[in-house]
Amino acid sequence: MPLSLISNDKQKRSGISRAEIADLYYNCPTDELISIGQRITVQNHGKSILLRGLVEFSNYCDRSCLYCGIRKENDYVKRYRLDKNQILEIVKLGYERGLRTFVLQGGEDSYFSTDYLCEITKGVKDYTGDSAALTLSCGIHSRSQYRELADAGADRYLIRFETANPELHSFIRQNIPLSKRLKAIETLKEEGFQVGSGFMIGLPKETDEDRIDNIMLAGELELGMAGIGPFIPHPDTPLAGSLQHPIELSVRATALLRMVLPKTHIPATTAAGTLDPQGREMMIQAGANVLMPNITPTEAKKNYLLYPGKICLDESGIQCIGCLSIRVKPLDRELSFAKGDTL
Ligand code: SF4
């Protein structure tokens, strides 16, 4: 579907055209973009920042994405897997602390068969019932596998397209076509999932026009959640030493994404907080309304490094919640423990 598939009809549905976004991208000062993004966010989401508890359950991956620190060829990674009981224990702790959305994220690890993922999903949902939402993030699967996961109780699925440029996608994902990723997103929606996606920004070979296409594609996909992760080159990947762009690029893109997707949940990503100590706060000011405390046990999360220098590795997820609550106060925001379904 990509790119040319951004039909006039769908552009109109988001209320803002590609030409308008391009004009703002090239010409609007950053403080003005932030102010527009913030106004739209507060109008549609109020002053709440939703929390999603992130559990990184496996850093094994069968793939070789060029930018990724846990790609299968990286022999420096200390690999781990959490088992079902460990995952359930973490979810219980998070639930007791008030979290009502859990995101189980892993590499594309075939050890976690569909049956095993269904078992884990059922275990979580048996404990939380409908009072909490469960998001899975474990890559491309077949329609029937997605259906089994939905039948087991999974509510949401996170699968980023990373770039709207098909050639760049094939390059960074080592010949996996963008169309396959987009097809998975459509299939997930058809199977009833609330779908989150998003893209990286600042990749090598990426152009300004690609960045505008990223924003428009996220708009076209009508996502429940859409995130932007700044590209941070990992030293143990083929993209080591690539140019690192300043946080402003991500902040400006967040404001533009908010204009295209007023009602979609947008996370202030950990990668932004890694790139700049105030990165997440800047993203919130520009249009983000979600934070994702990492509740993975500290010993494990130290080894889930898609990019280097990741923050909050020594704190437990519960400590992270306290810290985030202090961080959002000066922004005149408050944390929300609501489930936060797609609007
Ligand atoms: S980005 Fe995801 S699929 Fe690609 S290597 Fe990393 S964990 Fe695996």
# chains A, B, ... in the order shown; residues from 1 in each chain; ligands from 1

call {"tool": "select_by_dssp", "arguments": {"residues": "stretch 222-337 of chain A", "states": "helix (DSSP H, G or I)", "output": "PyMOL selection string"}}
result
chain A and resi 248-260+270-275+279-286+298-301+317-331

call {"tool": "write_last_selection", "arguments": {"atoms": "C-alpha atoms", "output": "PDB file, in the first residue's frame"}}
result
ATOM      1  CA  GLU A 248      14.730  18.751  17.910  1.00  0.00           C
ATOM      2  CA  LEU A 249      14.052  16.563  14.873  1.00  0.00           C
ATOM      3  CA  SER A 250      11.984  14.161  17.002  1.00  0.00           C
ATOM      4  CA  VAL A 251      10.228  16.960  18.845  1.00  0.00           C
ATOM      5  CA  ARG A 252       9.172  18.711  15.632  1.00  0.00           C
ATOM      6  CA  ALA A 253       7.967  15.387  14.176  1.00  0.00           C
ATOM      7  CA  THR A 254       5.935  14.710  17.342  1.00  0.00           C
ATOM      8  CA  ALA A 255       4.103  18.016  16.966  1.00  0.00           C
ATOM      9  CA  LEU A 256       3.367  17.298  13.280  1.00  0.00           C
ATOM     10  CA  LEU A 257       2.233  13.757  14.087  1.00  0.00           C
ATOM     11  CA  ARG A 258      -0.156  15.191  16.687  1.00  0.00           C
ATOM     12  CA  MET A 259      -1.663  17.467  14.033  1.00  0.00           C
ATOM     13  CA  VAL A 260      -2.272  14.487  11.739  1.00  0.00           C
ATOM     14  CA  THR A 270      12.560   6.136  26.084  1.00  0.00           C
ATOM     15  CA  ALA A 271      14.847   6.623  23.077  1.00  0.00           C
ATOM     16  CA  ALA A 272      14.054  10.358  23.210  1.00  0.00           C
ATOM     17  CA  GLY A 273      14.965  10.382  26.918  1.00  0.00           C
ATOM     18  CA  THR A 274      18.209   8.609  26.027  1.00  0.00           C
ATOM     19  CA  LEU A 275      19.138  11.072  23.314  1.00  0.00           C
ATOM     20  CA  GLY A 279      13.779  14.385  25.546  1.00  0.00           C
ATOM     21  CA  ARG A 280      10.610  12.825  26.942  1.00  0.00           C
ATOM     22  CA  GLU A 281       9.509  16.097  28.517  1.00  0.00           C
ATOM     23  CA  MET A 282      10.043  17.876  25.184  1.00  0.00           C
ATOM     24  CA  MET A 283       7.976  15.231  23.407  1.00  0.00           C
ATOM     25  CA  ILE A 284       5.173  15.657  25.947  1.00  0.00           C
ATOM     26  CA  GLN A 285       5.192  19.393  25.381  1.00  0.00           C
ATOM     27  CA  ALA A 286       4.984  18.818  21.619  1.00  0.00           C
ATOM     28  CA  THR A 298      16.773  -4.750  36.087  1.00  0.00           C
ATOM     29  CA  GLU A 299      19.093  -7.700  35.399  1.00  0.00           C
ATOM     30  CA  ALA A 300      17.185  -8.478  32.198  1.00  0.00           C
ATOM     31  CA  LYS A 301      16.500  -4.984  30.876  1.00  0.00           C
ATOM     32  CA  GLY A 317       9.662  -0.151  37.038  1.00  0.00           C
ATOM     33  CA  ILE A 318       7.948   0.785  40.269  1.00  0.00           C
ATOM     34  CA  GLN A 319      10.685   3.359  41.000  1.00  0.00           C
ATOM     35  CA  CYS A 320      10.273   4.595  37.409  1.00  0.00           C
ATOM     36  CA  ILE A 321       6.623   5.449  38.087  1.00  0.00           C
ATOM     37  CA  GLY A 322       7.599   7.666  41.041  1.00  0.00           C
ATOM     38  CA  CYS A 323      10.259   9.388  38.957  1.00  0.00           C
ATOM     39  CA  LEU A 324       7.905   9.962  36.011  1.00  0.00           C
ATOM     40  CA  SER A 325       5.314  11.468  38.297  1.00  0.00           C
ATOM     41  CA  ILE A 326       7.868  14.075  39.450  1.00  0.00           C
ATOM     42  CA  ARG A 327       8.998  14.725  35.869  1.00  0.00           C
ATOM     43  CA  VAL A 328       5.550  15.552  34.479  1.00  0.00           C
ATOM     44  CA  LYS A 329       4.541  17.963  37.267  1.00  0.00           C
ATOM     45  CA  PRO A 330       6.489  21.001  35.969  1.00  0.00           C
ATOM     46  CA  LEU A 331       4.767  20.409  32.609  1.00  0.00           C
TER      47      LEU A 331
END

call {"tool": "residues_around", "arguments": {"residues": "A:Met200", "least_positions_apart": "3", "cutoff": "6 Å", "atoms": "only C-alpha atoms", "output": "number ranges by chain"}}
result
A: 162, 228-231

call {"tool": "residues_near_ligand", "arguments": {"ligand": "ligand 1", "cutoff": "6 Å", "atoms": "only C-alpha atoms and all ligand atoms", "output": "list in words"}}
result
Cys61, Arg63, Ser64, Cys65, Cys68, Ile70, Arg71, Gly107 and Glu108 of chain A

call {"tool": "residues_around", "arguments": {"residues": "stretch 135-149 of chain A", "least_positions_apart": "4", "cutoff": "9 Å", "atoms": "only C-alpha atoms", "output": "PyMOL selection string"}}
result
chain A and resi 101-109+114-115+117-118+121+153-160+180-181+184-185+187-188+191-195

call {"tool": "closest_residue", "arguments": {"among": "A:Ala240, A:Val77, A:Leu217, A:Leu66", "to": "A:Ile172", "atoms": "only C-alpha atoms"}}
result
A:Leu66

call {"tool": "residues_around", "arguments": {"residues": "A:Lys205", "least_positions_apart": "3", "cutoff": "12 Å", "atoms": "only C-alpha atoms", "output": "PyMOL selection string"}}
result
chain A and resi 163+165+167-169+171-172+201-202+208-211+231+239+242-243

call {"tool": "atom_distance", "arguments": {"atom1": "atom CA of A:Ile266", "atom2": "atom CA of A:Gly287"}}
result
7.2 Å
